[in-house]
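Shown below: coords32.cif, with mmCIF, C-alpha atoms and all ligand atoms.
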data_final
#
loop_
_atom_site.label_atom_id
_atom_site.label_comp_id
_atom_site.auth_asym_id
_atom_site.auth_seq_id
_atom_site.Cartn_x
_atom_site.Cartn_y
_atom_site.Cartn_z
CA MET A 930 82.61 83.80 104.89
CA ARG A 931 84.04 87.29 104.28
CA ALA A 932 86.63 88.34 106.87
CA LEU A 933 89.84 90.23 107.50
CA ALA A 934 92.03 87.50 108.93
CA TYR A 935 95.46 86.76 110.37
CA PHE A 936 96.99 84.12 108.10
CA LYS A 937 100.58 84.00 109.29
CA LYS A 938 103.39 86.24 110.57
CA GLY A 939 103.20 89.50 108.64
CA ASP A 940 100.15 88.42 106.62
CA ILE A 941 96.76 89.91 107.43
CA HIS A 942 94.37 90.14 104.49
CA PHE A 943 90.75 90.06 103.40
CA ALA A 944 89.35 86.79 102.11
CA ASP A 945 85.87 85.68 101.13
CA ASP A 946 86.32 81.97 101.72
CA LEU A 947 86.93 81.62 105.45
CA PRO A 948 84.99 78.78 107.12
CA GLU A 949 81.54 79.69 108.43
CA PRO A 950 81.52 79.69 112.26
CA THR A 951 79.04 77.18 113.66
CA ILE A 952 77.57 76.55 117.08
CA ASN A 953 79.63 73.73 118.58
CA SER A 954 78.35 73.68 122.13
CA ASP A 955 74.93 74.13 123.76
CA GLU A 956 76.09 77.38 125.33
CA GLU A 957 77.30 79.10 122.17
CA VAL A 958 75.77 82.05 120.40
CA LEU A 959 76.10 83.04 116.73
CA ILE A 960 76.41 86.80 116.23
CA GLU A 961 76.06 88.77 113.00
CA VAL A 962 78.73 91.45 113.38
CA SER A 963 77.71 95.08 113.04
CA TRP A 964 80.92 96.96 113.85
CA ALA A 965 84.41 96.08 115.13
CA GLY A 966 87.21 98.46 116.07
CA ILE A 967 90.87 98.11 115.16
CA CYS A 968 93.08 98.29 118.27
CA GLY A 969 96.78 99.02 118.77
CA THR A 970 97.15 95.38 119.84
CA ASP A 971 95.98 94.29 116.36
CA LEU A 972 98.69 96.47 114.81
CA HIS A 973 101.27 94.97 117.19
CA GLU A 974 100.18 91.51 116.17
CA TYR A 975 101.10 92.47 112.61
CA SER A 976 104.35 94.33 113.29
CA ASP A 977 105.80 92.17 116.10
CA GLY A 978 103.63 89.07 116.13
CA PRO A 979 102.51 86.46 116.46
CA ILE A 980 102.14 87.57 120.10
CA PHE A 981 98.71 86.24 121.12
CA MET A 982 98.02 84.48 117.80
CA PRO A 983 99.14 80.85 117.36
CA GLN A 984 102.69 80.52 116.10
CA ASP A 985 102.82 79.84 112.36
CA GLY A 986 101.66 76.31 111.70
CA GLY A 987 100.92 75.65 115.39
CA SER A 988 97.76 75.65 117.45
CA HIS A 989 96.68 78.08 120.16
CA PRO A 990 97.81 77.04 123.69
CA LEU A 991 94.37 77.81 125.21
CA SER A 992 91.87 76.85 122.49
CA GLY A 993 93.93 74.54 120.29
CA LYS A 994 92.70 76.44 117.24
CA LYS A 995 94.89 77.13 114.20
CA LEU A 996 95.33 79.95 111.70
CA PRO A 997 93.88 81.61 109.71
CA GLN A 998 91.46 83.38 112.03
CA PRO A 999 89.41 86.57 111.60
CA MET A 1000 90.86 89.27 113.90
CA GLY A 1001 88.86 91.87 115.88
CA HIS A 1002 88.15 91.94 119.63
CA GLU A 1003 86.09 95.15 119.99
CA MET A 1004 82.73 94.29 118.47
CA SER A 1005 78.99 94.72 118.50
CA GLY A 1006 76.36 92.73 116.64
CA ILE A 1007 73.00 90.98 116.58
CA VAL A 1008 72.33 87.43 117.79
CA SER A 1009 71.17 85.20 114.93
CA LYS A 1010 71.26 81.71 116.48
CA ILE A 1011 71.65 80.22 119.96
CA GLY A 1012 72.63 76.83 121.38
CA SER A 1013 70.04 74.71 123.19
CA LYS A 1014 71.15 75.76 126.70
CA VAL A 1015 71.51 79.49 126.08
CA THR A 1016 69.41 81.58 128.46
CA LYS A 1017 71.33 84.86 128.74
CA VAL A 1018 70.52 86.17 125.23
CA LYS A 1019 67.93 85.48 122.55
CA VAL A 1020 67.81 85.72 118.77
CA GLY A 1021 67.50 89.36 117.71
CA ASP A 1022 69.26 90.79 120.79
CA HIS A 1023 71.86 93.47 120.20
CA VAL A 1024 75.04 92.50 122.00
CA VAL A 1025 78.64 93.36 122.72
CA VAL A 1026 81.26 90.69 123.30
CA GLU A 1027 83.55 90.57 126.32
CA ALA A 1028 86.57 89.21 124.49
CA GLY A 1029 88.67 87.87 127.38
CA CYS A 1030 89.29 84.11 127.41
CA SER A 1031 90.56 82.04 130.31
CA CYS A 1032 90.65 78.53 131.82
CA MET A 1033 86.90 78.92 132.23
CA ASP A 1034 86.46 78.70 128.45
CA VAL A 1035 88.44 75.52 127.92
CA LYS A 1036 85.33 73.29 128.08
CA ARG A 1037 84.10 74.94 124.86
CA TRP A 1038 87.00 73.77 122.71
CA LYS A 1039 87.33 70.08 121.89
CA GLU A 1040 90.88 70.66 120.65
CA SER A 1041 92.13 72.60 123.74
CA PRO A 1042 95.48 71.30 125.04
CA LEU A 1043 94.34 72.27 128.57
CA LYS A 1044 91.25 70.07 128.49
CA GLY A 1045 91.01 67.96 131.63
CA GLY A 1046 93.81 69.97 133.28
CA LYS A 1047 93.73 72.13 136.41
CA THR A 1048 92.10 75.54 136.46
CA CYS A 1049 94.72 78.21 137.26
CA SER A 1050 94.65 79.74 140.73
CA ALA A 1051 93.51 83.19 139.48
CA CYS A 1052 90.50 81.64 137.71
CA GLU A 1053 89.73 79.57 140.83
CA LYS A 1054 89.31 82.88 142.64
CA GLY A 1055 87.13 84.27 139.83
CA LEU A 1056 89.85 86.66 138.64
CA VAL A 1057 89.53 85.51 135.03
CA ASN A 1058 91.15 88.64 133.56
CA ILE A 1059 94.44 87.67 135.19
CA CYS A 1060 94.22 84.01 134.17
CA ALA A 1061 97.62 82.39 133.64
CA HIS A 1062 96.45 81.46 130.12
CA ALA A 1063 94.55 84.67 129.33
CA CYS A 1064 93.92 85.47 125.68
CA PHE A 1065 91.23 87.12 123.60
CA THR A 1066 88.58 86.24 121.05
CA GLY A 1067 89.87 87.69 117.78
CA LEU A 1068 93.48 87.38 118.93
CA GLY A 1069 94.04 83.67 118.59
CA THR A 1070 91.59 81.71 120.70
CA SER A 1071 88.84 81.85 118.06
CA GLY A 1072 87.66 84.03 115.21
CA GLY A 1073 86.75 87.65 116.04
CA GLY A 1074 84.73 90.59 114.79
CA PHE A 1075 86.43 91.46 111.48
CA ALA A 1076 84.04 89.00 109.88
CA GLU A 1077 80.43 88.59 108.89
CA ARG A 1078 79.78 86.52 112.00
CA LEU A 1079 81.38 84.79 114.96
CA THR A 1080 80.47 82.37 117.74
CA VAL A 1081 81.13 83.00 121.42
CA SER A 1082 79.94 81.44 124.64
CA GLN A 1083 76.84 83.10 126.12
CA ASP A 1084 78.99 83.97 129.16
CA HIS A 1085 80.82 86.53 127.04
CA CYS A 1086 77.71 88.11 125.48
CA ILE A 1087 76.28 91.27 127.01
CA PRO A 1088 72.89 92.38 125.68
CA ILE A 1089 72.63 96.12 125.06
CA PRO A 1090 69.53 98.34 124.78
CA LYS A 1091 68.27 98.65 121.20
CA ASP A 1092 68.51 102.45 121.35
CA LEU A 1093 72.25 102.28 122.01
CA PRO A 1094 73.82 102.73 118.55
CA LEU A 1095 75.77 99.66 117.44
CA ASP A 1096 78.75 101.70 116.22
CA VAL A 1097 79.13 103.33 119.64
CA ALA A 1098 78.68 99.89 121.21
CA ALA A 1099 81.91 98.76 119.52
CA LEU A 1100 83.68 101.19 121.89
CA VAL A 1101 82.41 99.38 124.99
CA GLU A 1102 85.50 97.12 124.86
CA PRO A 1103 88.19 99.85 125.11
CA LEU A 1104 85.99 101.70 127.61
CA SER A 1105 85.84 98.54 129.72
CA VAL A 1106 89.66 98.43 129.79
CA THR A 1107 89.70 101.88 131.37
CA TRP A 1108 86.62 101.30 133.53
CA HIS A 1109 88.40 98.29 135.02
CA ALA A 1110 91.51 100.43 135.64
CA ALA A 1111 89.43 103.06 137.45
CA LYS A 1112 87.96 100.31 139.64
CA VAL A 1113 91.42 98.91 140.39
CA ALA A 1114 92.39 102.46 141.42
CA GLY A 1115 89.33 102.68 143.67
CA PHE A 1116 88.55 105.96 141.91
CA GLN A 1117 85.76 107.91 143.63
CA LYS A 1118 83.36 110.62 142.49
CA GLY A 1119 84.84 114.09 143.09
CA GLN A 1120 88.47 112.95 142.88
CA THR A 1121 91.10 114.44 140.57
CA ALA A 1122 93.09 112.55 137.94
CA CYS A 1123 96.04 112.97 135.63
CA VAL A 1124 96.01 110.92 132.41
CA LEU A 1125 99.32 110.32 130.65
CA GLY A 1126 98.86 109.90 126.90
CA ALA A 1127 95.78 110.68 124.81
CA GLY A 1128 95.72 107.78 122.37
CA PRO A 1129 92.57 105.62 122.18
CA ILE A 1130 93.14 104.29 125.72
CA GLY A 1131 93.93 107.71 127.19
CA LEU A 1132 90.79 109.16 125.58
CA ALA A 1133 88.72 106.22 126.83
CA THR A 1134 90.17 106.88 130.31
CA ILE A 1135 88.91 110.46 130.07
CA LEU A 1136 85.39 109.27 129.19
CA THR A 1137 85.45 106.75 132.02
CA LEU A 1138 86.65 109.26 134.63
CA LYS A 1139 84.11 111.84 133.47
CA GLY A 1140 81.44 109.15 133.72
CA LEU A 1141 82.57 108.38 137.27
CA GLY A 1142 82.26 112.04 138.25
CA ALA A 1143 85.90 113.19 138.43
CA SER A 1144 86.16 116.77 139.68
CA LYS A 1145 89.20 117.50 137.52
CA ILE A 1146 91.00 115.65 134.73
CA VAL A 1147 94.28 116.84 133.25
CA VAL A 1148 95.73 115.06 130.23
CA SER A 1149 99.43 115.21 129.46
CA GLU A 1150 100.17 114.45 125.81
CA LEU A 1151 103.00 115.32 123.43
CA ALA A 1152 101.05 115.37 120.15
CA GLN A 1153 99.06 118.54 119.41
CA ILE A 1154 96.30 116.69 117.46
CA ARG A 1155 95.70 114.38 120.37
CA ARG A 1156 95.72 117.22 122.90
CA ASP A 1157 93.06 118.90 120.74
CA MET A 1158 90.96 115.71 120.82
CA ALA A 1159 91.24 115.53 124.60
CA ALA A 1160 90.39 119.22 124.93
CA SER A 1161 87.25 118.72 122.85
CA MET A 1162 86.15 116.20 125.48
CA GLY A 1163 86.19 119.06 127.95
CA VAL A 1164 89.31 118.31 129.98
CA GLU A 1165 92.41 120.37 130.69
CA VAL A 1166 95.39 119.53 128.48
CA PHE A 1167 99.10 119.81 129.19
CA ASN A 1168 102.11 119.62 126.89
CA PRO A 1169 105.04 118.17 128.88
CA ALA A 1170 107.51 119.30 126.20
CA GLU A 1171 106.76 122.96 127.00
CA HIS A 1172 107.93 122.70 130.61
CA LYS A 1173 111.37 122.33 132.14
CA ASP A 1174 109.88 120.51 135.12
CA ALA A 1175 106.60 119.05 133.86
CA ILE A 1176 106.00 117.05 137.05
CA ALA A 1177 106.24 120.12 139.29
CA GLU A 1178 103.89 122.06 136.99
CA LEU A 1179 101.34 119.24 136.87
CA ARG A 1180 101.36 118.84 140.65
CA LYS A 1181 100.38 122.48 141.04
CA ILE A 1182 97.18 122.11 139.02
CA PRO A 1183 94.72 120.54 141.52
CA GLU A 1184 93.66 123.40 143.76
CA GLY A 1185 94.31 123.04 147.47
CA ALA A 1186 96.17 119.73 147.06
CA THR A 1187 99.72 118.57 146.57
CA GLY A 1188 98.95 116.56 143.46
CA PHE A 1189 96.26 114.33 141.95
CA ASP A 1190 94.28 111.62 143.68
CA ALA A 1191 95.00 109.25 140.80
CA ALA A 1192 97.19 109.00 137.71
CA PHE A 1193 96.80 106.64 134.76
CA ASP A 1194 99.75 105.77 132.52
CA CYS A 1195 98.22 105.21 129.08
CA SER A 1196 101.48 105.60 127.27
CA GLY A 1197 104.13 103.29 128.74
CA VAL A 1198 107.46 105.12 128.56
CA LYS A 1199 109.80 105.89 131.44
CA ALA A 1200 108.78 109.57 131.44
CA THR A 1201 105.06 108.79 131.80
CA PHE A 1202 105.65 106.08 134.42
CA ASN A 1203 107.66 108.56 136.49
CA THR A 1204 105.17 111.34 135.97
CA ALA A 1205 102.28 109.10 137.01
CA LEU A 1206 104.14 108.18 140.18
CA HIS A 1207 105.16 111.73 141.12
CA VAL A 1208 102.07 113.75 140.24
CA THR A 1209 99.89 111.89 142.73
CA THR A 1210 99.34 113.32 146.18
CA PHE A 1211 100.12 111.39 149.39
CA ARG A 1212 98.09 108.16 149.51
CA GLY A 1213 97.35 108.73 145.82
CA VAL A 1214 97.28 105.88 143.33
CA SER A 1215 99.18 105.48 140.10
CA VAL A 1216 97.84 102.89 137.66
CA ASN A 1217 99.88 101.42 134.83
CA ILE A 1218 97.47 100.54 132.02
CA ALA A 1219 100.17 100.54 129.35
CA ILE A 1220 101.68 97.33 128.03
CA TRP A 1221 105.48 97.42 128.13
CA GLY A 1222 108.16 95.60 126.15
CA ASN A 1223 110.61 93.34 127.96
CA LYS A 1224 112.94 96.10 129.14
CA PRO A 1225 112.68 96.96 132.85
CA ILE A 1226 113.02 100.54 134.15
CA ASP A 1227 114.24 101.87 137.50
CA TYR A 1228 112.23 103.66 140.12
CA TYR A 1229 112.92 104.62 143.72
CA PRO A 1230 110.59 102.74 146.13
CA MET A 1231 110.85 105.47 148.79
CA ASP A 1232 108.93 107.77 146.41
CA ILE A 1233 106.02 105.46 147.19
CA THR A 1234 106.76 104.66 150.82
CA LEU A 1235 107.32 108.13 152.24
CA GLN A 1236 103.91 109.29 151.05
CA GLU A 1237 102.11 105.97 151.37
CA LYS A 1238 101.27 106.01 147.68
CA ARG A 1239 99.98 103.04 145.73
CA LEU A 1240 101.40 101.81 142.45
CA THR A 1241 99.28 99.25 140.66
CA GLY A 1242 98.38 97.95 137.23
CA SER A 1243 95.24 96.91 135.42
CA ILE A 1244 94.76 94.30 132.73
CA GLY A 1245 91.72 93.58 130.61
CA TYR A 1246 88.23 93.55 132.06
CA THR A 1247 85.33 91.41 133.20
CA VAL A 1248 81.74 90.94 132.06
CA GLN A 1249 80.71 93.14 134.99
CA ASP A 1250 82.85 96.01 133.62
CA PHE A 1251 81.08 95.66 130.26
CA LYS A 1252 77.67 95.76 131.93
CA GLU A 1253 78.59 98.89 133.89
CA VAL A 1254 79.97 100.66 130.79
CA VAL A 1255 76.83 99.82 128.79
CA GLU A 1256 74.75 101.22 131.64
CA ALA A 1257 76.92 104.37 131.88
CA ILE A 1258 76.48 105.03 128.15
CA HIS A 1259 72.77 104.32 128.34
CA THR A 1260 72.20 106.68 131.25
CA GLY A 1261 74.34 109.38 129.61
CA GLU A 1262 77.08 109.33 132.26
CA ILE A 1263 79.34 108.56 129.32
CA PRO A 1264 77.74 110.73 126.62
CA ILE A 1265 77.21 109.14 123.20
CA ASP A 1266 78.46 112.33 121.51
CA ASP A 1267 81.76 112.06 123.41
CA CYS A 1268 82.05 108.41 122.35
CA ARG A 1269 81.43 109.34 118.72
CA GLN A 1270 84.43 111.68 118.83
CA MET A 1271 86.61 108.62 119.21
CA ILE A 1272 85.36 107.12 115.92
CA THR A 1273 87.60 108.67 113.27
CA GLY A 1274 86.83 106.24 110.44
CA LYS A 1275 84.37 103.60 109.27
CA GLN A 1276 85.37 101.14 106.56
CA LYS A 1277 84.12 97.93 105.02
CA LEU A 1278 85.90 94.67 105.74
CA GLU A 1279 87.22 94.51 102.19
CA ASP A 1280 89.12 97.79 102.75
CA GLY A 1281 90.08 96.98 106.35
CA TRP A 1282 93.73 96.31 105.61
CA GLU A 1283 94.47 99.37 103.42
CA LYS A 1284 92.09 101.94 104.91
CA GLY A 1285 92.21 100.52 108.43
CA PHE A 1286 95.49 98.87 109.46
CA VAL A 1287 97.78 100.70 107.00
CA GLU A 1288 96.05 104.04 107.66
CA LEU A 1289 96.50 103.58 111.43
CA MET A 1290 100.13 102.56 111.08
CA ASN A 1291 100.97 105.54 108.83
CA HIS A 1292 98.76 108.23 110.38
CA LYS A 1293 98.51 107.23 114.01
CA GLU A 1294 98.00 110.69 115.45
CA THR A 1295 95.11 111.78 113.24
CA ASN A 1296 93.16 108.61 113.99
CA VAL A 1297 91.64 107.22 117.15
CA LYS A 1298 89.29 104.34 116.34
CA ILE A 1299 88.62 102.99 112.87
CA LEU A 1300 85.62 100.66 112.83
CA LEU A 1301 85.11 97.92 110.24
CA THR A 1302 81.78 96.56 109.15
CA PRO A 1303 80.70 93.61 107.01
CA ASN A 1304 77.34 95.14 106.11
CA ASN A 1305 76.61 98.75 107.12
CA HIS A 1306 77.97 100.07 103.85
CA ASN A 1307 75.69 103.11 103.79
CA GLU A 1308 77.49 104.52 106.85
CA LEU A 1309 81.10 104.41 105.63
CA SER A 1310 83.64 107.25 105.80
CA THR A 1311 84.49 108.82 102.49
N1 LIG A 1401 96.00 97.10 130.33
C1 LIG A 1401 95.20 96.73 129.35
O1 LIG A 1401 94.31 95.90 129.52
C2 LIG A 1401 95.35 97.38 128.01
C3 LIG A 1401 94.35 97.22 127.02
C4 LIG A 1401 94.50 97.89 125.80
C5 LIG A 1401 95.66 98.66 125.57
N2 LIG A 1401 96.61 98.76 126.55
C6 LIG A 1401 97.82 99.56 126.39
O2 LIG A 1401 97.52 100.93 126.65
C7 LIG A 1401 98.52 101.74 126.06
C8 LIG A 1401 97.87 102.88 125.30
O3 LIG A 1401 97.19 102.39 124.16
P1 LIG A 1401 96.85 103.38 122.95
O4 LIG A 1401 96.22 102.56 121.88
O5 LIG A 1401 96.12 104.57 123.46
O6 LIG A 1401 98.35 103.80 122.53
P2 LIG A 1401 98.91 105.03 121.70
O7 LIG A 1401 100.32 104.69 121.37
O8 LIG A 1401 97.96 105.37 120.58
O9 LIG A 1401 98.89 106.27 122.73
C9 LIG A 1401 99.94 106.63 123.54
C10 LIG A 1401 100.02 108.16 123.58
O10 LIG A 1401 101.02 108.55 124.51
C11 LIG A 1401 101.63 109.73 124.02
N3 LIG A 1401 102.94 109.93 124.66
C12 LIG A 1401 104.14 109.33 124.37
N4 LIG A 1401 105.11 109.79 125.20
C13 LIG A 1401 104.52 110.68 126.03
C14 LIG A 1401 104.99 111.49 127.10
N5 LIG A 1401 106.27 111.47 127.47
N6 LIG A 1401 104.09 112.28 127.74
C15 LIG A 1401 102.79 112.32 127.37
N7 LIG A 1401 102.29 111.57 126.35
C16 LIG A 1401 103.13 110.77 125.69
C17 LIG A 1401 101.73 109.50 122.51
O11 LIG A 1401 101.87 110.73 121.81
C18 LIG A 1401 100.40 108.80 122.24
O12 LIG A 1401 99.39 109.71 121.84
C19 LIG A 1401 99.36 100.81 125.18
O13 LIG A 1401 100.54 100.47 125.86
C20 LIG A 1401 98.47 99.60 125.03
O14 LIG A 1401 99.20 98.44 124.76
C21 LIG A 1401 96.46 98.14 127.75
ZN ZN A 1402 92.12 96.11 122.13
ZN ZN A 1403 92.95 80.63 134.38
#

Could the structure of this file be written out as structure tokens, please?
Ligand SMILES: NC(=O)c1ccc[n+]([C@@H]2O[C@H](COP(=O)([O-])OP(=O)(O)OC[C@H]3O[C@@H](n4cnc5c(N)ncnc54)[C@H](O)[C@@H]3O)[C@@H](O)[C@H]2O)c1
Ligand SMILES: [Zn+2]
Ligand SMILES: [Zn+2]
Amino acid sequence: MRALAYFKKGDIHFADDLPEPTINSDEEVLIEVSWAGICGTDLHEYSDGPIFMPQDGGSHPLSGKKLPQPMGHEMSGIVSKIGSKVTKVKVGDHVVVEAGCSCMDVKRWKESPLKGGKTCSACEKGLVNICAHACFTGLGTSGGGFAERLTVSQDHCIPIPKDLPLDVAALVEPLSVTWHAAKVAGFQKGQTACVLGAGPIGLATILTLKGLGASKIVVSELAQIRRDMAASMGVEVFNPAEHKDAIAELRKIPEGATGFDAAFDCSGVKATFNTALHVTTFRGVSVNIAIWGNKPIDYYPMDITLQEKRLTGSIGYTVQDFKEVVEAIHTGEIPIDDCRQMITGKQKLEDGWEKGFVELMNHKETNVKILLTPNNHNELST
């Protein structure tokens, strides 16, 4: 099979002889991939990995699977075969894949080292996105969407309406990350929000908050190109570098309030963490979506206590988040045209390393999402 795969530390390349995925359990579904987006996490896996991927020569702690594996965890496709007990999708359905894997998936993998063991306490409570063993399809547990096809359990397949374009559907995954974060925040229609950072996740946060009916969204971002992208999505933009006291200036923006109802850190540096905490109003909520390195930072707990603020974080997503995002795109609450603005490139699998990964690593700011496809070669970027 043709795929762009992770072979070992520092080695991601295209190959045309990867093993064909097959249905190994009654509940599995074979999907012909249409589109799959490259994510910052994929780039990290190259530059600093293996992080989620199995260590070189070893097997994955959740699935027991080894390298090489096709990467890609943001994908859409069409079901081509189903196991004998599959009821949630049928052959021909258009689907997106909820890529999170947890204790609940162990039964699928004969080679899993956790087979027969205890389910973690988060999974016992149904909180599979915070599973103690959480990982992702396309990031080590099993082959992902930078391939002609993949198998997943039916529990991770979400059918989508046939009039929802499959390229836009590949964005349901990053949108589900931010949809989940908005739910963790308890974000309500009519509330105001400050988004820190306008990379792919910051932009997805904008689309989510617009979809949820935010009354005002202000995006703070250092890079001009990214501020322009955010502005074209119809939100107010702010350059923190232009202000001596950016926090004080941001807090003034929501009319008749002493700050924002919610703030989302989509950047993950001390300055954005602090800004997110301080630009919220009393009883406001600050959500850390960013993934941080191992270095802790300081903050003053009384900044939370004296105004009864909330500081929380959000990780991954659930199938329910995917369903709600699909619905929001289908009803137009998240407009397809806004989604399309996030797609800055479309490339074939064969070019995925050079024109996808390398392009994103060298020209981060001019790109948002580059999608790869094994077959839609008439729709590629020039
Ligand atoms: N929680 C989750 O489930 C989850 C899922 C996916 C990604 N993430 C994380 O979300 C974060 C964002 O992802 P991304 O792909 O958009 O990253 P990105 O690096 O492309 O975007 C970050 C943006 O922040 C901007 N920035 C940096 N310093 C700033 C400052 N002081 N003020 C304002 N803006 C500033 C940068 O210019 C950049 O545009 C990453 O940490 C990523 O790992 C989390
Ligand atoms: Zn991702
Ligand atoms: Zn678990």

Spatial sel., origin (98.3, 93.7, 113.7), limit 10 Å, only C-alpha atoms, listed as an MDAnalysis selection string: chainID A and resid 935 938:941 967:980 1000:1001 1068 1282 1286:1287 1290

Return as a ChimeraX atom specification the residues of protein, DNA or RNA that approach ligand LIG 1401 (chain A) to within 8 Å, with all atoms listed in the file taken into account. /A:968-970,1103,1106-1107,1110,1125-1132,1149-1152,1155,1168-1170,1194-1201,1217-1221,1242-1246,1293-1294,1297

Calculate how many Å separate atom CA of A:Arg1180 from atom CA of A:Phe1193, rounding to one decimal.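 Pair atom CA of A:Arg1180 / atom CA of A:Phe1193 returns 14.3 Å.
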
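Checking A:Pro1225, A:Thr1311, A:Ala1177, A:Leu1138 one by one against A:Glu1262, counting all atoms listed in the file, you find the shortest gap at A:Leu1138.
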
Any idea what's packed within 9 Å of stretch 1095-1097 of chain A, counting all atoms listed in the file, ignoring anything in its chain fewer than 2 positions away? Could you give it as a ChimeraX atom specification? /A:963-965,1004-1006,1023-1025,1089,1091-1093,1099-1101,1265,1268-1269,1272,1300

Mind running chain A against ligand ZN 1403 (chain A) at 7 Å and telling me each contacting residue's nearest atom pair with the distance in Å (one decimal), counting all atoms listed in the file, chain and number ascending, as a Markdown table?
| residue | atom | partner | partner_atom | distance |
| --- | --- | --- | --- | --- |
| A:Ser1031 | CA | A:ZN1403 | ZN | 4.9 |
| A:Cys1032 | CA | A:ZN1403 | ZN | 4.0 |
| A:Met1033 | CA | A:ZN1403 | ZN | 6.6 |
| A:Thr1048 | CA | A:ZN1403 | ZN | 5.6 |
| A:Cys1049 | CA | A:ZN1403 | ZN | 4.2 |
| A:Ser1050 | CA | A:ZN1403 | ZN | 6.6 |
| A:Ala1051 | CA | A:ZN1403 | ZN | 5.7 |
| A:Cys1052 | CA | A:ZN1403 | ZN | 4.3 |
| A:Val1057 | CA | A:ZN1403 | ZN | 6.0 |
| A:Cys1060 | CA | A:ZN1403 | ZN | 3.6 |
| A:Ala1061 | CA | A:ZN1403 | ZN | 5.0 |
| A:His1062 | CA | A:ZN1403 | ZN | 5.6 |
| A:Ala1063 | CA | A:ZN1403 | ZN | 6.7 |

Restricting the calculation to all atoms listed in the file, which member of A:Gln1120, A:Asn1203, A:Thr1137, A:Ser1105 is positioned closest to ligand ZN 1402 (chain A)?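 Looking only at the distances to ligand ZN 1402 (chain A), the closest residue turns out to be A:Ser1105.
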
If you measure from atom CA of A:Phe1211 to atom CA of A:Val1148, what distance in Å do you get, rounded to one decimal?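 Value for the atom CA of A:Phe1211-atom CA of A:Val1148 distance: 20.0 Å.
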
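Minimum atom-to-atom distances from A:Lys1298, A:Arg1156, A:His989, A:Lys1036 to ligand ZN 1402 (chain A) were compared using only C-alpha atoms and all ligand atoms, and the lowest value belongs to A:Lys1298.
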
Around the point (83.6, 77.6, 108.8), in the coordinates given by the file, pick out the residues reaching within 10 Å, counting only C-alpha atoms, and return them as a list in words. Met930, Asp946, Leu947, Pro948, Glu949, Pro950, Thr951, Gly1072 and Leu1079 of chain A

What separation in Å, quoted to one decimal, exists between atom CA of A:Val1248 and atom CA of A:Lys1139?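 These two atoms are separated by 21.1 Å.
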
Which is closer to ligand ZN 1402 (chain A) than all the others in A:Ile1263, A:Val958, A:Leu1104, A:Val1020, using only C-alpha atoms and all ligand atoms?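 Once distances to ligand ZN 1402 (chain A) are computed over only C-alpha atoms and all ligand atoms, the minimum belongs to A:Leu1104.
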
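Considering the residues A:Asp1190, A:Glu957, A:Glu1003, A:Glu1165 and counting all atoms listed in the file, ligand ZN 1402 (chain A) has its shortest atom-to-atom contact with A:Glu1003.
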
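Remark: for A:Thr1066, the closest of the candidate residues A:Lys994, A:Lys1010, A:His1292, A:Lys1039 is A:Lys994 (distances computed over all atoms listed in the file).
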
Compile the contact shell of A:Leu996 as an MDAnalysis selection string: residues with an atom at most 10 Å away, counting all atoms listed in the file, same-chain residues fewer than 3 positions apart removed. chainID A and resid 934:937 982:989 999 1069:1072

Contacts of A:His1207 at 10 Å or less, counting all atoms listed in the file, minus same-chain residues fewer than 6 places along, as a PyMOL selection string? chain A and resi 1176-1177+1179-1180+1188-1189+1192+1201+1213+1215+1232-1233+1238

Rebuild N, CA and C atoms on stretch 967-975 of chain A, as a PDB file, keeping the file's coordinate frame?
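Just written: selection_39.pdb:
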ATOM      1  N   ILE A 967      89.466  98.545 115.240  1.00  0.00           N
ATOM      2  CA  ILE A 967      90.870  98.110 115.160  1.00  0.00           C
ATOM      3  C   ILE A 967      91.605  98.718 116.352  1.00  0.00           C
ATOM      4  N   CYS A 968      92.388  97.883 117.034  1.00  0.00           N
ATOM      5  CA  CYS A 968      93.080  98.290 118.270  1.00  0.00           C
ATOM      6  C   CYS A 968      94.591  98.266 118.027  1.00  0.00           C
ATOM      7  N   GLY A 969      95.321  99.020 118.843  1.00  0.00           N
ATOM      8  CA  GLY A 969      96.780  99.020 118.770  1.00  0.00           C
ATOM      9  C   GLY A 969      97.348  97.613 118.887  1.00  0.00           C
ATOM     10  N   THR A 970      96.682  96.767 119.669  1.00  0.00           N
ATOM     11  CA  THR A 970      97.150  95.380 119.840  1.00  0.00           C
ATOM     12  C   THR A 970      97.083  94.623 118.502  1.00  0.00           C
ATOM     13  N   ASP A 971      96.076  94.930 117.690  1.00  0.00           N
ATOM     14  CA  ASP A 971      95.980  94.290 116.360  1.00  0.00           C
ATOM     15  C   ASP A 971      97.185  94.695 115.505  1.00  0.00           C
ATOM     16  N   LEU A 972      97.550  95.985 115.597  1.00  0.00           N
ATOM     17  CA  LEU A 972      98.690  96.470 114.810  1.00  0.00           C
ATOM     18  C   LEU A 972      99.986  95.804 115.270  1.00  0.00           C
ATOM     19  N   HIS A 973     100.111  95.647 116.601  1.00  0.00           N
ATOM     20  CA  HIS A 973     101.270  94.970 117.190  1.00  0.00           C
ATOM     21  C   HIS A 973     101.370  93.536 116.693  1.00  0.00           C
ATOM     22  N   GLU A 974     100.221  92.908 116.597  1.00  0.00           N
ATOM     23  CA  GLU A 974     100.180  91.510 116.170  1.00  0.00           C
ATOM     24  C   GLU A 974     100.754  91.390 114.753  1.00  0.00           C
ATOM     25  N   TYR A 975     100.530  92.447 113.967  1.00  0.00           N
ATOM     26  CA  TYR A 975     101.100  92.470 112.610  1.00  0.00           C
ATOM     27  C   TYR A 975     102.599  92.773 112.656  1.00  0.00           C
TER      28      TYR A 975
END
